[in-house]
Amino acid sequence: MARYTHADCRQCRREKCKLFLKGDRCYSDKCAITRRGKIPGVHADSRKKITEYGLQLREKQKTKRIYGLQEKQFHKYYEEAERLKGVTGANMLILLEERLDNVVYRMGIGVSRSQARQFVNHGLITVNGKRVTIPSYSVRVGDVVSIKENKKEQPLFVELKQSKKPANLPKWLDFDPAELTGKVLAKPAREDIDMNIQEHMIVELYSK
């Protein structure tokens, strides 16, 4: 499967907004948007006025990059959201939020979604006591997400134990740093997703 291999910060510059792909760096003065807000590329300044299609495409690309997905996988979430009852765009974002790698990130176990995905891939995360190595695993209400017991003494997780509960923890999740364990309290709602995403534009693009 194709994978983005260039600097993550180029993606933020291309979308002209912070995608929070680099953890603490995104909140510091080293952030690429703060230092170099210009779109990457030699002809960045000579770009023509963007069309409606271009705006829709950029919104889709931005959302894909936030969640770290490739086109085929992202489109599957749209197709699944379209089959569900309710608003397709909101359904799609809710499905993305329920991914295990996103939940691990939201709980503060990973400083970025890419790090959270790595934790899952390497078998460091359990769901209801069972190891899960699939980042796209969809959590359900009542699921208990935790660090694997024999990995809790790794330096990174020992440091996490001494921290406080994340200030921006969504209300549909709970996390206890001391136990390195979290729980899915409810199904996420559209208003719980605090990122600036105009999902209706993505739906308009795919429905053409």
# chains A, B, ... in the order shown; residues from 1 in each chain; ligands from 1
call {"tool": "residues_around", "arguments": {"residues": "Asp174 (chain A)", "least_positions_apart": "5", "cutoff": "12 Å", "atoms": "only C-alpha atoms", "output": "list in words"}}
result
Val103, Val104, Arg106, Met107, Gly108, Ile109, Val141, Gly142, Asp143, Val144, Val145, Ser146, Lys165, Pro166, Ala167, Asn168, Leu169, Glu179, Leu180, Thr181, Gly182, Lys183, Val184, Leu185 and Ala186 of chain A
call {"tool": "residues_around", "arguments": {"residues": "Ile197 (chain A)", "least_positions_apart": "3", "cutoff": "12 Å", "atoms": "only C-alpha atoms", "output": "MDAnalysis selection string"}}
result
chainID A and resid 15 17 19 56 58:67 89:90 92:93 190:191 193:194 200:203
call {"tool": "residues_around", "arguments": {"residues": "Gln162 (chain A)", "least_positions_apart": "4", "cutoff": "12 Å", "atoms": "only C-alpha atoms", "output": "mmCIF file with N, CA, C and O atoms, in the first residue's frame"}}
result
data_model
loop_
_atom_site.group_PDB
_atom_site.id
_atom_site.type_symbol
_atom_site.label_atom_id
_atom_site.label_comp_id
_atom_site.auth_asym_id
_atom_site.auth_seq_id
_atom_site.Cartn_x
_atom_site.Cartn_y
_atom_site.Cartn_z
ATOM 1 N N PRO A 155 9.753 2.957 29.980
ATOM 2 C CA PRO A 155 9.971 4.352 30.390
ATOM 3 C C PRO A 155 8.891 5.326 29.901
ATOM 4 O O PRO A 155 8.443 6.194 30.651
ATOM 5 N N LEU A 156 8.463 5.161 28.655
ATOM 6 C CA LEU A 156 7.457 6.056 28.090
ATOM 7 C C LEU A 156 6.151 5.988 28.869
ATOM 8 O O LEU A 156 5.521 7.014 29.155
ATOM 9 N N PHE A 157 5.744 4.777 29.255
ATOM 10 C CA PHE A 157 4.476 4.602 29.955
ATOM 11 C C PHE A 157 4.595 4.921 31.444
ATOM 12 O O PHE A 157 3.615 5.331 32.075
ATOM 13 N N VAL A 158 5.787 4.738 32.012
ATOM 14 C CA VAL A 158 6.016 5.140 33.408
ATOM 15 C C VAL A 158 5.843 6.648 33.533
ATOM 16 O O VAL A 158 5.243 7.156 34.493
ATOM 17 N N PRO A 166 -5.721 13.885 30.467
ATOM 18 C CA PRO A 166 -5.660 14.910 29.407
ATOM 19 C C PRO A 166 -6.774 15.940 29.533
ATOM 20 O O PRO A 166 -7.945 15.585 29.726
ATOM 21 N N ASP A 176 -7.596 6.739 32.978
ATOM 22 C CA ASP A 176 -6.933 6.814 34.279
ATOM 23 C C ASP A 176 -5.434 6.634 34.060
ATOM 24 O O ASP A 176 -4.970 5.507 33.836
ATOM 25 N N PRO A 177 -4.643 7.721 34.115
ATOM 26 C CA PRO A 177 -3.201 7.604 33.867
ATOM 27 C C PRO A 177 -2.498 6.660 34.840
ATOM 28 O O PRO A 177 -1.557 5.961 34.454
ATOM 29 N N ALA A 178 -2.938 6.653 36.081
ATOM 30 C CA ALA A 178 -2.278 5.815 37.090
ATOM 31 C C ALA A 178 -2.366 4.335 36.733
ATOM 32 O O ALA A 178 -1.441 3.560 36.978
ATOM 33 N N GLU A 179 -3.487 3.946 36.139
ATOM 34 C CA GLU A 179 -3.690 2.542 35.758
ATOM 35 C C GLU A 179 -3.406 2.298 34.285
ATOM 36 O O GLU A 179 -3.433 1.146 33.831
ATOM 37 N N LEU A 180 -3.160 3.363 33.545
ATOM 38 C CA LEU A 180 -2.946 3.279 32.097
ATOM 39 C C LEU A 180 -4.100 2.548 31.415
ATOM 40 O O LEU A 180 -3.907 1.705 30.532
#
call {"tool": "closest_residue", "arguments": {"among": "A:Glu80, A:Lys49, A:Gly54, A:Leu160", "to": "Val111 (chain A)", "atoms": "only C-alpha atoms"}}
result
A:Leu160
call {"tool": "atom_distance", "arguments": {"atom1": "CA of Leu96 (chain A)", "atom2": "CA of Ile134 (chain A)"}}
result
13.8 Å
call {"tool": "closest_residue", "arguments": {"among": "A:Gln154, A:Asn121, A:Ser207, A:Gln198", "to": "His75 (chain A)", "atoms": "only C-alpha atoms"}}
result
A:Ser207
call {"tool": "closest_residue", "arguments": {"among": "A:Met195, A:Gly68, A:Thr51, A:Glu153", "to": "Gln118 (chain A)", "atoms": "only C-alpha atoms"}}
result
A:Gly68
call {"tool": "closest_residue", "arguments": {"among": "A:His122, A:Arg117, A:Lys148, A:Lys76", "to": "Pro135 (chain A)", "atoms": "only C-alpha atoms"}}
result
A:Arg117
call {"tool": "select_by_dssp", "arguments": {"residues": "region 47-95 of chain A", "states": "helix (DSSP H, G or I)", "output": "number ranges by chain"}}
result
A: 52-67, 71-83, 88-95
call {"tool": "closest_residue", "arguments": {"among": "A:Ala189, A:Gly129, A:Ser136, A:Leu205", "to": "Val87 (chain A)", "atoms": "only C-alpha atoms"}}
result
A:Ala189
call {"tool": "atom_distance", "arguments": {"atom1": "CA of Gln73 (chain A)", "atom2": "CA of Leu57 (chain A)"}}
result
16.1 Å
